[in-house]
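**Student:** Sharing query26.txt here; it has compact mmCIF, C-alpha atoms.
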# COMPACT_ATOMS: atom_id res chain seq x y z
CA MET A 355 -1.51 10.20 -31.56
CA THR A 356 1.04 12.86 -30.81
CA ASP A 357 3.59 12.11 -28.13
CA LYS A 358 1.84 14.42 -25.68
CA ASN A 359 -1.45 12.64 -26.27
CA VAL A 360 0.17 9.27 -25.64
CA LEU A 361 1.56 10.54 -22.35
CA ALA A 362 -1.77 12.06 -21.33
CA ALA A 363 -3.67 8.86 -22.09
CA TYR A 364 -1.09 6.62 -20.45
CA ALA A 365 -0.87 8.78 -17.30
CA THR A 366 -4.67 8.75 -17.10
CA ARG A 367 -4.71 4.97 -17.22
CA LEU A 368 -2.09 4.73 -14.49
CA GLY A 369 -4.09 7.22 -12.46
CA ASP A 370 -7.26 5.18 -12.93
CA ASN A 371 -5.67 2.04 -11.51
CA ALA A 372 -4.29 3.94 -8.53
CA LEU A 373 -7.52 5.82 -7.87
CA ILE A 374 -9.83 2.81 -8.04
CA ILE A 375 -7.66 0.51 -5.93
CA GLY A 376 -7.34 3.42 -3.48
CA GLN A 377 -11.11 3.81 -3.37
CA ARG A 378 -11.50 0.08 -2.63
CA MET A 379 -8.92 0.29 0.16
CA ILE A 380 -10.74 3.29 1.65
CA GLU A 381 -13.81 1.09 1.97
CA LEU A 382 -11.84 -1.05 4.43
CA VAL A 383 -11.61 1.86 6.85
CA ALA A 384 -13.85 1.05 9.81
CA ALA A 385 -14.06 -2.51 8.50
CA GLY A 386 -10.55 -3.77 9.28
CA PRO A 387 -9.93 -6.84 11.42
CA GLU A 388 -7.77 -4.90 13.89
CA LEU A 389 -7.12 -1.25 14.66
CA GLU A 390 -3.53 -1.40 13.45
CA GLU A 391 -4.48 -3.18 10.23
CA GLU A 392 -7.10 -0.58 9.57
CA LEU A 393 -4.62 2.24 9.97
CA ALA A 394 -2.28 0.43 7.59
CA ASN A 395 -5.02 0.11 4.97
CA ALA A 396 -5.91 3.78 5.31
CA ASN A 397 -2.23 4.64 4.76
CA PHE A 398 -2.13 2.48 1.64
CA ALA A 399 -5.32 4.00 0.28
CA LEU A 400 -3.85 7.46 0.74
CA ASP A 401 -0.64 6.35 -0.99
CA TYR A 402 -2.63 5.16 -4.01
CA ILE A 403 -4.80 8.26 -4.14
CA GLY A 404 -1.69 10.42 -3.90
CA GLN A 405 -0.28 8.56 -6.90
CA ALA A 406 -3.54 9.05 -8.78
CA ARG A 407 -3.36 12.79 -8.10
CA MET A 408 0.15 12.98 -9.53
CA PHE A 409 -0.75 10.93 -12.61
CA PHE A 410 -3.92 12.93 -13.26
CA SER A 411 -2.21 16.27 -12.80
CA TYR A 412 0.45 15.20 -15.25
CA ALA A 413 -2.18 13.90 -17.69
CA GLY A 414 -3.93 17.27 -17.54
CA GLU A 415 -0.64 19.04 -18.14
CA CYS A 416 0.20 16.89 -21.18
CA GLU A 417 -3.31 17.15 -22.54
CA GLY A 418 -3.25 20.94 -22.26
CA ALA A 419 -7.02 21.32 -22.14
CA GLY A 420 -7.15 22.75 -18.63
CA ARG A 421 -8.53 19.66 -16.90
CA SER A 422 -7.58 19.33 -13.22
CA GLU A 423 -6.94 16.16 -11.25
CA ASP A 424 -10.46 16.45 -9.84
CA ASP A 425 -11.95 16.54 -13.34
CA PHE A 426 -10.21 13.27 -14.11
CA ALA A 427 -11.15 11.64 -10.82
CA PHE A 428 -14.74 12.76 -10.41
CA LEU A 429 -16.27 13.98 -13.63
CA ARG A 430 -15.83 11.22 -16.16
CA PRO A 431 -18.44 8.64 -17.10
CA GLU A 432 -17.84 4.95 -16.49
CA HIS A 433 -16.61 4.03 -19.97
CA GLU A 434 -13.78 6.59 -19.82
CA TYR A 435 -12.10 4.86 -16.87
CA GLN A 436 -9.45 2.47 -18.11
CA ASN A 437 -8.45 0.72 -14.91
CA LEU A 438 -7.96 -3.04 -14.76
CA LEU A 439 -11.04 -5.06 -13.86
CA LEU A 440 -9.04 -6.55 -10.99
CA VAL A 441 -8.80 -3.30 -9.02
CA GLU A 442 -12.54 -2.62 -9.08
CA GLN A 443 -13.45 -6.02 -7.61
CA PRO A 444 -15.20 -5.69 -4.23
CA ASN A 445 -13.28 -6.27 -1.03
CA GLY A 446 -15.34 -9.34 -0.09
CA HIS A 447 -13.85 -10.91 3.03
CA PHE A 448 -10.40 -9.91 4.20
CA GLY A 449 -8.75 -12.79 2.30
CA ASP A 450 -10.38 -11.65 -0.96
CA ALA A 451 -9.00 -8.14 -0.47
CA ILE A 452 -5.53 -9.47 0.35
CA VAL A 453 -5.42 -11.72 -2.72
CA ARG A 454 -6.51 -8.82 -4.92
CA GLN A 455 -3.78 -6.65 -3.41
CA VAL A 456 -1.08 -9.28 -3.93
CA LEU A 457 -2.06 -9.89 -7.55
CA PHE A 458 -2.25 -6.17 -8.30
CA ASP A 459 0.68 -4.92 -6.21
CA SER A 460 3.07 -7.46 -7.74
CA TRP A 461 2.04 -6.40 -11.26
CA TYR A 462 2.01 -2.71 -10.43
CA LEU A 463 5.43 -2.78 -8.79
CA ALA A 464 6.98 -4.57 -11.79
CA LEU A 465 5.33 -2.05 -14.12
CA LEU A 466 6.48 0.96 -12.09
CA GLU A 467 10.04 -0.33 -11.97
CA VAL A 468 10.12 -0.38 -15.77
CA LEU A 469 8.50 3.05 -15.91
CA THR A 470 11.24 4.55 -13.72
CA ARG A 471 13.50 3.86 -16.71
CA CYS A 472 11.17 5.20 -19.41
CA SER A 473 12.28 8.19 -21.43
CA ASP A 474 9.64 10.60 -20.19
CA GLU A 475 10.76 12.37 -17.06
CA GLY A 476 7.25 13.22 -15.89
CA ILE A 477 6.18 9.57 -15.76
CA SER A 478 9.51 8.25 -14.48
CA ASP A 479 9.57 10.71 -11.56
CA ILE A 480 6.10 9.71 -10.39
CA ALA A 481 6.94 6.03 -10.88
CA ALA A 482 10.06 6.38 -8.74
CA ARG A 483 8.05 7.85 -5.88
CA ALA A 484 5.27 5.29 -6.23
CA CYS A 485 7.74 2.37 -6.32
CA LYS A 486 8.80 2.93 -2.72
CA GLU A 487 5.21 2.96 -1.53
CA VAL A 488 4.09 -0.06 -3.52
CA ARG A 489 7.13 -2.10 -2.50
CA TYR A 490 5.93 -1.76 1.07
CA HIS A 491 2.32 -2.52 0.13
CA LEU A 492 3.43 -5.74 -1.53
CA ARG A 493 5.48 -6.70 1.49
CA HIS A 494 2.40 -6.19 3.64
CA SER A 495 -0.09 -7.99 1.39
CA SER A 496 2.18 -10.93 0.60
CA GLN A 497 2.97 -11.49 4.28
CA TRP A 498 -0.76 -11.59 4.93
CA LEU A 499 -1.28 -14.08 2.13
CA VAL A 500 1.33 -16.35 3.71
CA ARG A 501 -0.32 -16.00 7.13
CA LEU A 502 -3.75 -16.86 5.77
CA GLY A 503 -2.65 -19.56 3.33
CA ASP A 504 -0.32 -21.22 5.84
CA GLY A 505 -2.72 -20.58 8.72
CA THR A 506 -5.69 -22.71 9.71
CA ASP A 507 -7.56 -25.14 7.44
CA GLU A 508 -10.37 -22.62 7.26
CA SER A 509 -8.19 -19.66 6.28
CA HIS A 510 -6.28 -21.81 3.78
CA ALA A 511 -9.46 -22.97 2.06
CA ARG A 512 -10.97 -19.49 1.94
CA VAL A 513 -7.93 -17.75 0.56
CA GLN A 514 -7.41 -20.50 -2.02
CA GLN A 515 -10.97 -19.85 -3.14
CA SER A 516 -10.21 -16.11 -3.33
CA LEU A 517 -7.21 -16.84 -5.51
CA ASN A 518 -9.24 -19.10 -7.81
CA ASP A 519 -12.01 -16.50 -8.08
CA LEU A 520 -9.77 -13.53 -8.86
CA TRP A 521 -7.36 -15.31 -11.19
CA LYS A 522 -9.54 -14.63 -14.24
CA PHE A 523 -8.87 -10.90 -13.86
CA THR A 524 -5.10 -11.25 -14.21
CA GLY A 525 -5.04 -11.99 -17.94
CA GLU A 526 -5.68 -8.47 -19.18
CA MET A 527 -2.72 -7.12 -17.23
CA PHE A 528 -0.46 -8.58 -19.91
CA VAL A 529 -2.41 -8.02 -23.11
CA PRO A 530 -1.02 -4.90 -24.78
CA ASP A 531 -3.31 -2.58 -26.72
CA ASP A 532 -2.40 0.30 -29.05
CA LEU A 533 -1.61 2.64 -26.20
CA ASP A 534 0.75 0.15 -24.55
CA ASP A 535 2.50 -0.32 -27.90
CA GLU A 536 2.85 3.43 -28.48
CA MET A 537 4.14 4.01 -24.96
CA ARG A 538 6.68 1.27 -25.53
CA SER A 539 7.88 2.45 -28.93
CA ALA A 540 7.91 6.19 -28.22
CA PHE A 541 9.02 6.25 -24.57
CA ASN A 542 10.66 2.90 -23.86
CA GLY A 543 7.61 1.83 -21.86
CA PRO A 544 6.91 -1.62 -20.41
CA HIS A 545 7.00 -4.76 -22.52
CA LEU A 546 3.98 -6.54 -21.05
CA GLU A 547 4.97 -10.03 -22.15
CA VAL A 548 8.32 -9.68 -20.42
CA LEU A 549 6.49 -8.33 -17.39
CA GLU A 550 4.28 -11.42 -17.35
CA THR A 551 7.27 -13.76 -16.97
CA GLN A 552 8.53 -11.79 -13.99
CA TRP A 553 5.07 -11.49 -12.45
CA ARG A 554 4.37 -15.20 -12.73
CA ALA A 555 7.65 -16.01 -11.01
CA ASP A 556 7.02 -13.47 -8.24
CA VAL A 557 3.44 -14.60 -7.64
CA ALA A 558 4.38 -18.29 -7.81
CA ALA A 559 6.97 -17.75 -5.07
CA ILE A 560 4.50 -15.98 -2.77
CA VAL A 561 1.76 -18.53 -3.46
CA ALA A 562 4.15 -21.42 -2.79
CA GLU A 563 5.26 -19.90 0.51
CA ALA A 564 1.58 -19.53 1.40
CA THR A 565 1.17 -23.30 0.69
CA LEU A 566 -1.48 -22.46 -1.92
CA ASP A 567 -1.88 -23.74 -5.46
CA LEU A 568 -1.68 -21.50 -8.50
CA PRO A 569 -4.98 -21.74 -10.38
CA ASP A 570 -4.99 -23.50 -13.73
CA ASP A 571 -4.99 -21.40 -16.86
CA GLN A 572 -8.57 -20.53 -17.65
CA TRP A 573 -10.83 -18.11 -19.48
CA MET A 574 -9.71 -14.55 -18.75
CA ALA A 575 -11.98 -11.55 -18.38
CA SER A 576 -10.88 -8.36 -20.11
CA GLY A 577 -12.21 -4.96 -21.10
CA GLY A 578 -11.03 -2.67 -18.31
CA LYS A 579 -8.50 -0.89 -20.52
CA GLN A 580 -11.24 -0.36 -23.11
CA GLY A 581 -13.65 1.07 -20.54
CA ARG A 582 -15.89 -2.01 -20.35
CA HIS A 583 -16.25 -2.70 -16.66
CA THR A 584 -17.73 -5.31 -14.38
CA GLU A 585 -21.10 -4.73 -12.72
CA HIS A 586 -19.45 -3.54 -9.50
CA PHE A 587 -17.89 -0.49 -11.07
CA GLY A 588 -21.01 1.68 -11.39
CA PHE A 589 -21.67 1.41 -7.66
CA LEU A 590 -18.10 2.31 -6.84
CA LEU A 591 -18.25 5.38 -9.10
CA ALA A 592 -21.61 6.45 -7.70
CA GLU A 593 -20.21 6.53 -4.20
CA MET A 594 -16.93 8.14 -5.25
CA GLN A 595 -18.48 10.83 -7.43
CA ILE A 596 -21.63 11.72 -5.51
CA MET A 597 -20.29 14.91 -3.90
CA GLN A 598 -19.05 16.40 -7.17
CA ARG A 599 -22.19 15.31 -9.00
CA THR A 600 -24.49 16.74 -6.33
CA PHE A 601 -22.57 19.96 -5.69
CA PRO A 602 -20.67 20.67 -8.91
CA GLY A 603 -17.46 22.59 -8.29
CA ALA A 604 -17.64 22.17 -4.51
CA THR A 605 -14.29 22.56 -2.78
CA TRP A 606 -13.10 22.00 0.77
CA MET B 853 -15.91 -18.73 18.21
CA THR B 854 -13.95 -16.98 20.95
CA LYS B 855 -12.16 -13.82 20.03
CA GLN B 856 -8.52 -14.12 20.96
CA GLU B 857 -6.53 -10.92 21.40
CA TRP B 858 -3.26 -10.69 19.52
CA PRO B 859 -0.19 -10.29 21.73
CA LEU B 860 0.97 -6.81 22.64
CA TYR B 861 4.32 -5.47 21.42
CA GLU B 862 6.20 -2.43 22.71
CA VAL B 863 7.52 -0.12 20.01
CA PHE B 864 10.82 1.77 20.17
CA ILE B 865 11.74 4.32 17.54
CA ARG B 866 15.00 6.02 16.72
CA SER B 867 14.15 9.42 15.34
CA LYS B 868 17.51 9.95 13.63
CA SER B 869 20.93 8.43 13.35
CA GLY B 870 23.06 8.85 16.44
CA LEU B 871 20.16 9.01 18.88
CA SER B 872 18.94 6.06 20.87
CA HIS B 873 15.62 4.30 20.41
CA ARG B 874 12.81 5.69 22.52
CA HIS B 875 9.63 4.05 23.63
CA ALA B 876 6.82 5.26 21.36
CA GLY B 877 3.87 3.13 22.39
CA SER B 878 2.52 -0.33 21.71
CA VAL B 879 0.70 -2.31 19.02
CA HIS B 880 -1.13 -5.59 18.80
CA ALA B 881 0.19 -8.12 16.28
CA ALA B 882 -0.06 -11.83 15.57
CA ASP B 883 3.65 -12.26 14.85
CA ASP B 884 6.96 -10.38 14.84
CA GLU B 885 6.81 -9.28 11.20
CA MET B 886 3.29 -7.96 11.63
CA ALA B 887 4.38 -6.11 14.76
CA LEU B 888 7.10 -4.35 12.79
CA ASN B 889 4.64 -3.44 10.01
CA ASN B 890 2.03 -2.22 12.47
CA ALA B 891 4.61 -0.15 14.31
CA ARG B 892 5.68 1.41 11.03
CA ASP B 893 2.12 2.15 10.00
CA THR B 894 1.06 3.45 13.40
CA TYR B 895 4.08 5.41 14.61
CA THR B 896 6.14 6.56 11.63
CA ARG B 897 3.46 8.01 9.36
CA ARG B 898 4.88 11.50 9.77
CA THR B 899 8.54 10.54 9.25
CA GLU B 900 9.15 10.14 12.97
CA GLY B 901 11.82 7.51 12.60
CA VAL B 902 14.73 5.86 10.82
CA SER B 903 14.72 2.63 12.81
CA ILE B 904 12.15 0.60 14.71
CA TRP B 905 12.49 -2.03 17.40
CA VAL B 906 9.54 -4.09 18.55
CA VAL B 907 9.56 -6.48 21.48
CA ARG B 908 6.79 -8.59 22.97
CA SER B 909 5.52 -6.84 26.06
CA ASP B 910 5.50 -10.07 28.05
CA GLN B 911 9.23 -10.44 27.39
CA ILE B 912 10.04 -7.23 29.23
CA VAL B 913 11.11 -7.58 32.85
CA ALA B 914 9.91 -4.53 34.75
CA SER B 915 10.55 -3.18 38.22
CA ASP B 916 7.70 -3.45 40.69
CA PRO B 917 6.06 -0.09 41.51
CA ALA B 918 5.46 -1.31 45.05
CA GLU B 919 9.20 -1.56 45.53
CA SER B 920 10.00 1.83 44.10
CA SER B 921 11.10 3.31 47.39
CA ALA B 922 13.69 0.57 47.89
CA PHE B 923 14.73 0.76 44.26
CA PHE B 924 15.06 4.44 43.66
CA GLU B 925 14.94 6.56 46.79
CA PRO B 926 18.40 5.63 48.12
CA ALA B 927 19.89 7.50 45.15
CA GLU B 928 18.07 10.70 45.92
CA ASP B 929 20.49 12.09 48.52
CA LYS B 930 23.67 11.21 46.63
CA VAL B 931 24.16 14.40 44.77
CA TYR B 932 27.88 13.70 44.32
CA ARG B 933 27.00 11.10 41.72
CA HIS B 934 25.78 13.76 39.32
CA PRO B 935 28.38 15.16 36.95
CA THR B 936 27.18 18.70 37.59
CA PHE B 937 30.62 20.26 37.92
CA TYR B 938 31.51 20.27 34.23
CA ASP B 939 30.96 23.10 31.77
CA ILE B 940 29.25 21.82 28.66
CA PRO B 941 30.22 23.64 25.46
CA ASP B 942 27.30 25.07 23.52
CA GLU B 943 28.26 23.03 20.45
CA VAL B 944 27.45 19.75 22.18
CA GLU B 945 23.92 18.75 21.37
CA ASN B 946 21.86 15.80 22.50
CA LEU B 947 23.63 15.31 25.82
In C-alpha cells, how does this file's structure come out?

**Tutor:**
Amino acid sequence: MTDKNVLAAYATRLGDNALIIGQRMIELVAAGPELEEELANANFALDYIGQARMFFSYAGECEGAGRSEDDFAFLRPEHEYQNLLLVEQPNGHFGDAIVRQVLFDSWYLALLEVLTRCSDEGISDIAARACKEVRYHLRHSSQWLVRLGDGTDESHARVQQSLNDLWKFTGEMFVPDDLDDEMRSAFNGPHLEVLETQWRADVAAIVAEATLDLPDDQWMASGGKQGRHTEHFGFLLAEMQIMQRTFPGATW
Amino acid sequence: MTKQEWPLYEVFIRSKSGLSHRHAGSVHAADDEMALNNARDTYTRRTEGVSIWVVRSDQIVASDPAESSAFFEPAEDKVYRHPTFYDIPDEVENL
C-alpha cells in the first residue's frame, strides 16, 4: 500500500469505531435512567460522531476518490466496516452499556494518546481533539462502574456479569494486523502489545475500585477489523443507513 | 420497588476568569461527583463556563419569603448607602 492508502484505511477504521459506538450511544437517548444522564449520553454520542466525521473526511481526502464522510458512514456494506466487535454490542441494561464504555474508552484513549505523537499531522490533529473528549467519557463511565460495582448486591452482581460477558471482545483490540503494522512502521503508530500492558493496568485499577473481579483469560472473539461482525451489526446498520438507502442523496 | 429521587444540587458557573460564579440552575445526582458531571453536561455544553460549583440544595440556608418585608424593605429608603456619587471611567468593565 502507498502511504496515502495506509492513512485512508487507518482513518476509516478509526472512524468506524467512533461512528458505531456513537450510534449505540444515540440509542440510549430517551432510554436513560435520568434526564441528566441522558443528556450526558447524547453529548458523548455527538462527540463520537464528530470524531467519525473528521476521520472519514480525512480518509476521503487521503484516498482521493471523491468520497465524502457520508459515503463512508452510510453507503458501505457490512463487511467493509472495520470497527471492533466490542463497540457494536447492544446496550443491554445500563450496566452492560457502562462496562462496554469503560472497556472501549480506556483502550481508545490510550490509542489516541499514542496517535497524537504519530508522524502524520492529519491523524495527530484529530487524535488531539478526540483525546480531550474521550478523557471525559472515561471519567464518566469509570465513575459509573465504581458506583454500580460498589453499590448494592444486585448492581454488583449484574455489572460483574456484564464484565464477564463483554470480556471476550477485548482480545482483538490488541492483535495487530497488516494495517496496524504498516501504520506503526510508516507513521510511528501504536504498538498494540505495549498498549495492552497499559490498558490492563488501567482497567484493573478501575475494576478493583469497583470491587469487581477481572474475568479469567478465555476464548476471545475477533473479526471486526476484518469486517466479520456479530449478528447485532446488521440491525444497527439497517437503522443507521435507512434514510440514505431509501432516499439516495437526500440532504438536510 | 419504590422509585427514590436523587438529591437536588444547585449549580453555579463562572463564565470566565475574574467573574464570580452565578447560579445557573439545578441537577439531580446520586453523589457529588455525579452532580459535577451532570452540571457540566447540562449547563456548559456551549462553552458557558470555566469553573463549576455544585452544592446540595438542602445545604443552602435561604431567607423566608414571608419575612421579606422585615428583611429587605428597611433598606429601601436609605439612598445614601448607594455609591452613586462617583464617576466610573468607561474602561472599567464588569462593575

**Student:** Quick one: residues within 12 Å of Arg897 in chain B, all atoms listed in the file, excluding same-chain residues fewer than 4 positions away - as a list in words?

**Tutor:**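 Near neighbours after the sequence-gap exclusion: Leu393, Ala394, Ala396, Asn397, Phe398, Leu400 and Asp401 of chain A; Asn889, Asn890, Ala891, Arg892, Asp893, Gly901 and Val902 of chain B.
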
**Student:** Could you give me, as a VMD selection string, the residues that have an atom at most 10 Å away from the point (-9.0, 15.4, -11.8) in the coordinates of the file, using all atoms listed in the file?

**Tutor:** chain A and resid 366 369 406 to 411 413 to 414 421 to 430

**Student:** My list of candidates is A:Ala365, A:Val513, A:Leu463, A:Ile403. Which is closest to Tyr490 in chain A when distances are computed with only C-alpha atoms?

**Tutor:**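 Using only C-alpha atoms, the shortest distance to Tyr490 in chain A belongs to A:Leu463.
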
**Student:** Which one is closest to Ala882 in chain B: B:Phe923, B:Tyr861, B:Tyr932, B:Trp905? Count only C-alpha atoms.

**Tutor:**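 Among the listed residues, B:Tyr861 lies closest to Ala882 in chain B.
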
**Student:** Residues of chain A that have any atom at most 9 Å from an atom of chain B: could you tabulate them with the shortest-distance atom pair and the distance in Å to one decimal, using all atoms listed in the file, ordered by chain and increasing number, as a tab-separated table?

**Tutor:**
residue	atom	partner	partner_atom	distance
A:Glu388	CA	B:His880	CA	8.3
A:Leu389	CA	B:His880	CA	8.5
A:Glu390	CA	B:Asn890	CA	5.7
A:Glu391	CA	B:Asn890	CA	7.0
A:Leu393	CA	B:Asp893	CA	6.7
A:Ala394	CA	B:Asp893	CA	5.3
A:Asn395	CA	B:Asp893	CA	9.0
A:Asn397	CA	B:Asp893	CA	7.3
A:His494	CA	B:Asn889	CA	7.3
A:Gln497	CA	B:Met886	CA	8.2
A:Trp498	CA	B:Met886	CA	8.6

**Student:** Please define a box with edges along x, y and z of the file around all atoms of range 921-937 of chain B given in the file, extend it by 8 Å on each side, and return its centre and edge lengths in Å to one decimal, as AutoDock Vina command-line options.

**Tutor:**
--center_x 20.9 --center_y 10.4 --center_z 42.7 --size_x 35.5 --size_y 35.7 --size_z 27.6

**Student:** Distance CA of Leu439 in chain A-CA of Asp459 in chain A, one decimal place?

**Tutor:**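 If I compute the distance from CA of Leu439 in chain A to CA of Asp459 in chain A, I get 14.0 Å.
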
**Student:** Do a neighbour search on Ser872 in chain B at 12 Å with all atoms listed in the file, toss out local chain neighbours closer than 5 positions, and write the hits as JSON, numbers by chain.

**Tutor:** {"B": [864, 865, 866, 867, 901, 902, 903, 904, 905, 946, 947]}

**Student:** Between CA of Gln377 in chain A and CA of Asn437 in chain A, measure the distance and give it in Å to one decimal.

**Tutor:**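 Distance reported for this atom pair: 12.2 Å.
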
**Student:** For Arg538 in chain A, which of A:Asp571, A:Glu526, A:Asp507, A:Asp357 is the closest residue, counting all atoms listed in the file?

**Tutor:**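 Looking at the shortest contact to Arg538 in chain A, the residue is A:Asp357.
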
**Student:** At what distance in Å, to one decimal, does CA of Met537 in chain A lie from CA of Ala482 in chain A?

**Tutor:**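 Separating CA of Ala482 in chain A from CA of Met537 in chain A is a distance of 17.4 Å.
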